[in-house]
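Before any comments, here is the structure.
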Amino acid sequence: MTLQPLHDNPDLVVDKAMAIVERHEISRASNDAPESGVSSSIERQRTGSTSRSGRLFPASLIPGQAKRGVFRPALKRLLPGHALRTKKASAVRGKTERPPGSSDSSNGHQGTPKSSRLGLGKYAHEDEMPVWLIKLLEKKGAVRASGVIPALKHLLELSAPTEYAYLCHPDALHVAKRGKKSADAYQSIPYLGGFCGYRNIQVLAAHIIGTQTEGWKQFGDDIPSIFEIQNLIETAWDRGYNVRGRIETGGIKGTRKYIGTPEAQALFSSMGFPCSVQAFRTSNEQSANAAGRLLQAIEDYFQQGAADCLTHKVRSTQLPPIYLQRPSHSVTIVGMEKLKDGHVQLLVFDPEFQSSEAVTSLATKATRRRQAKINRLLEPYRRSDTHLERFKEFEVLYVEELFSEPSPLEFMRYVARNTPFVIRGGASHWKATQKWNSTYLKSALDGQSVNVAVTPFGNADAPTFSPEHEATVIAKPHEEVQRFSDFFTYVTQQETDPGLLSDSEVRYAQTPLYSDAQKDIPFARIALEKEPDAINLWIGNSRSTTALHKDNFENIFVQIVGRKHFVLLPPLFHVCVNERPVLPATYVRQGDGFTLRLDPDSLPVPLATWDPDNAERNSTHVSALAKPLRVTLNPGDMLYLPAMWYHKVKQSCISGGEGFVLAINYWYDMEFSGPLYPMTSFLRELGTLKQSMSRTDESTL
């Protein structure tokens with residue numbers, strides 16, 4: 001994530017937090033420089049789009065009328081016809097393309113250059129799709145097939161030419177366009193169109209819903225319809241995500257205009273689902289062509305999720321599928337296959353192919369001796385390297401998380417970009433993750449004392465209004481030393497005993513790490529060339545909350561027991577968090593309760609007073625533009641939280657658990673000599689000065 005100076009356009013504040021992770025070849029949205037007049041390939045790469053130079057992309061390979069073959073009827077229904085590879089491809093490629101600038105009266109716009117309309121399809125100037133089509137889409141929806149990934153796994157295990165293969169999460173749903181009933185199962189309604197970009201978004205949404213990824217309830221109980229996707233994209237534009245898409249399309253609601261990776265990225269990012277776009281182009285400067293680099297990147301992607309099964313022929317992962325945009329069409333990548341002859345193939349869900357349900361049925365009857373049948377069943381999902389080499393440009397959209405530790409070099413790239421990432425299961429092999437339970441901790445820490453933070457509401461270091469002082473203060477916790485056994489018993493009983501008063505004080509322990517835990521994070525120590533400045537063990541229950549704040553440390557956060565829920569904002573969002581100077585005060589025990597007492601001889605300290613979860617309160621005129629990233633850590637997960645990032649943290653106990661949450665964090669001092677600290681400090685001072693001037697102006701009115 002490259003930090004940019006603030007721009008007069010407040011929409012630009014939003015794009016900086018669109019992706020929680022980015023790959024080294026990422027293609028960023030052109031929203032970072034809207035005044036330049038140059039549109040990035042993300043914005044232009046839509047189904048049927050043109051290249052940045054205006055050159056027309058190669059013709060689409062869209063399945064059409066199948067050849068009349070000699071296959072048995074059951075298999076004939078499964079193949080999209082050799083039209084996909086032969087007759088239709090040759091016919092489409094052989095068509096004479098009108099040069100840019102020629103007239104096209106098909107939709108009433110004489111003299112409109114084809115290159116200006118091709119990116120949005122032949123309905124680029126459509127204000128509203130026909131009523132009959134709206135009714136058809138609302139009534140018929142799409143063809144859905146589940147259980148396809150397990151069927152593909154079975155077929156690949158039997159496939160003799162296959163050396164090895166990778167597959168995505170087994171619950172991936174194949175969503176395809178619905179065609180009219182006819183003798184040929186692949187003959188679709190010609191004027192309906194595939195809505196391929198929408199179908200691929202539906203596949204990713206189905207994965208998010210099926211795996212109950214954090215935030216999945218935003219989609220409801222079912223994948224969004226085409227019209228709902230259009231509304232979500234329009235909403236994302238309203239909120240400042242890839243806003244150039246609206247300028248280029250003129251809006252897509254209720255139309256048949258093509259969409260692509262920029263719209264998909266805007267939708268998922270605006271809903272808080274981490275995603276990034278990676279572009280591949282054939283150029284003279286790079287030895288490998290676009291297809292070769294795409295295939296290598298896809299294998300690298302799946303390898304990270306298959307560390308425990310790399311010796312298997314078919315390597316199943318829990319990774320999300322991938323949105324792939326190539327000229328004139330888009331598909332969803334669900335795996336890849338390496339053949340014994342050295343060739344590599346993508347395994348895809350194509351929205352044009354409607355018979356996955358039949359494939360899953362016939363796959364159970366396949367045997368190793370019937371290789372011809374196995375290949376016919378796999379053929380609709382295979383896209384060979386020779387097929388891909390016909391195209392010069394690709395873009396992929398990952399809804400992405402890491403599943404293995406990065407190398408020190410890879411980690412340093414994230415530090416340089418000041419970009420957070422999550423490693424799912426990164427600490428699942430730790431002794432702490434596997435063995436630390438209440439019995440083990442009581443035994444290991446028996447007789448030891450811990451420093452305990454005590455507050456009446458679990459609001460340590462939070463902006464709190466003090467009636468006694470008639471002002472908002474930063475409420476520091478009361479601190480006291482307690483025996484670990486006494487502290488731990490209180491915390492677990494407060495969570496699990498319904499008889500304990502709900503308004504009882506909240507206790508939270510931050511204690512130095514004891515000898516039974518890992519002493520550092522190797523990839524961070526090697527990359528940063530230093531040992532951690534501090535290591536802390538955090539123990540509490542679901543009543544503890546950490547208010548929005550930031551630290552001058554590179555923070556590696558490891559979840560051991562229970563769950564942590566993070567709300568993240570990058571440093572440049574300072575203008576949104578309403579940071580104000582407030583006096584520090586400390587809770588002190590008074591009778592059976594607490595009172596806040598101002599710290600003597602203390603000066604005001606800057607504190608973020610805006611809460612993303614209570615957005616109307618203490619907001620600034622630009623707070624609504626802040627689009628926080630939300631991340632939940634499960635036991636064994638790791639989070640890299642870059643220096644200076646604002647973060648709010650809640651926690652929850654696992655249902656049926658022992659009533660406590662435990663995590664370890666490793667603080668590495670940030671590099672103050674680089675540009676990040678002085679730049680963010682300067683912008684912070686400007687924002688504080690502007691807010692101070694605004695309050696002065698208001699008081700004089």
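Identifiers in this document derive from the order of the structure tokens: chains are assigned A, B, ..., residues are numbered from 1 separately in each chain, and ligands are numbered from 1 in order of occurrence.
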
DSSP on the backbone: what in stretch 200-330 of chain A comes out helix (DSSP H, G or I), as number ranges by chain? A: 200-210, 216-219, 226-238, 244-249, 261-270, 290-303

Can you list, as a PDB file with C-alpha atoms, in the first residue's frame, every protein, DNA or RNA residue that comes within 6 Å of stretch 657-665 of chain A when you count only C-alpha atoms, leaving out same-chain residues fewer than 2 positions away?
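To be explicit, this is the file written out as selection19.pdb:
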ATOM      1  CA  THR A 492     -13.425 -17.612  33.753  1.00  0.00           C
ATOM      2  CA  GLU A 495     -17.695 -15.579  31.546  1.00  0.00           C
ATOM      3  CA  THR A 496     -19.273 -18.917  32.418  1.00  0.00           C
ATOM      4  CA  ILE A 535       6.505  -9.684  24.180  1.00  0.00           C
ATOM      5  CA  ASN A 536       3.218  -9.691  26.051  1.00  0.00           C
ATOM      6  CA  LEU A 537       0.779 -12.328  27.186  1.00  0.00           C
ATOM      7  CA  TRP A 538      -2.822 -11.045  27.187  1.00  0.00           C
ATOM      8  CA  ILE A 539      -5.526 -12.874  29.155  1.00  0.00           C
ATOM      9  CA  GLY A 540      -9.152 -11.798  29.626  1.00  0.00           C
ATOM     10  CA  ASN A 541     -12.719 -12.591  28.654  1.00  0.00           C
ATOM     11  CA  ILE A 556       2.855  -9.618  15.192  1.00  0.00           C
ATOM     12  CA  PHE A 557      -0.304 -10.740  16.977  1.00  0.00           C
ATOM     13  CA  VAL A 558      -0.828 -14.470  17.648  1.00  0.00           C
ATOM     14  CA  GLN A 559      -4.172 -15.842  18.811  1.00  0.00           C
ATOM     15  CA  ILE A 560      -3.873 -18.827  21.169  1.00  0.00           C
ATOM     16  CA  VAL A 561      -7.307 -19.319  22.811  1.00  0.00           C
ATOM     17  CA  GLY A 562     -10.645 -17.727  21.873  1.00  0.00           C
ATOM     18  CA  CYS A 653     -14.833 -16.849  23.969  1.00  0.00           C
ATOM     19  CA  ILE A 654     -15.523 -19.932  21.907  1.00  0.00           C
ATOM     20  CA  SER A 655     -18.893 -21.508  22.624  1.00  0.00           C
TER      21      SER A 655
END

Within 9 Å of stretch 375-390 of chain A, counting only C-alpha atoms, which residues qualify if same-chain residues fewer than 3 places away don't, as a PyMOL selection string? chain A and resi 58+75+78-80+85+152+155-156+159+289-292+295+326+336-337+343-350+353+359+362-363+370-372

Tell me which of A:Gly147, A:Gly250, A:Pro420, A:Gly447 sits closest to A:Arg483, counting only C-alpha atoms. A:Gly447

I'd like the neighbourhood of A:Pro406 as a list of chain:residue names, where a residue qualifies if any of its atoms comes within 9 Å (using only C-alpha atoms), though same-chain residues fewer than 3 positions away should be ignored. A:Leu402, A:Leu409, A:Glu410, A:Phe411, A:Ile423, A:Phe523

Which residues come within 6 Å of A:Tyr587, counting only C-alpha atoms, excluding same-chain residues fewer than 2 positions away, as a count of residues only? 5

Quick one: everything within 12 Å of A:Lys217, counting only C-alpha atoms, minus sequence neighbours fewer than 4 positions away in the same chain. Send it as a list of chain:residue names.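 Counting only C-alpha atoms, the residues come to A:Ala205, A:Ala206, A:Ile208, A:Ile209, A:Gly210, A:Thr211, A:Gln212, A:Thr213, A:Asp221, A:Asp222, A:Ile223, A:Pro224, A:Met271, A:Gly272, A:Phe273.
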
Those residues with C-alpha atoms, as a short mmCIF file (atom, residue, chain, number, x, y, z; two decimals), in the first residue's frame please?
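Okay, again26.cif is ready:
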data_model
loop_
_atom_site.label_atom_id
_atom_site.label_comp_id
_atom_site.auth_asym_id
_atom_site.auth_seq_id
_atom_site.Cartn_x
_atom_site.Cartn_y
_atom_site.Cartn_z
CA ALA A 205 -19.88 -14.72 -2.62
CA ALA A 206 -21.02 -18.34 -2.25
CA ILE A 208 -17.78 -16.33 1.65
CA ILE A 209 -21.26 -17.40 2.76
CA GLY A 210 -20.45 -21.11 2.85
CA THR A 211 -17.32 -20.67 4.95
CA GLN A 212 -18.97 -17.95 7.07
CA THR A 213 -16.07 -15.61 6.49
CA ASP A 221 -28.70 -16.35 3.47
CA ASP A 222 -28.19 -16.61 -0.30
CA ILE A 223 -25.85 -15.37 -2.99
CA PRO A 224 -26.83 -11.96 -4.39
CA MET A 271 -17.92 -4.81 2.20
CA GLY A 272 -14.68 -5.30 4.13
CA PHE A 273 -13.52 -8.51 2.41
#
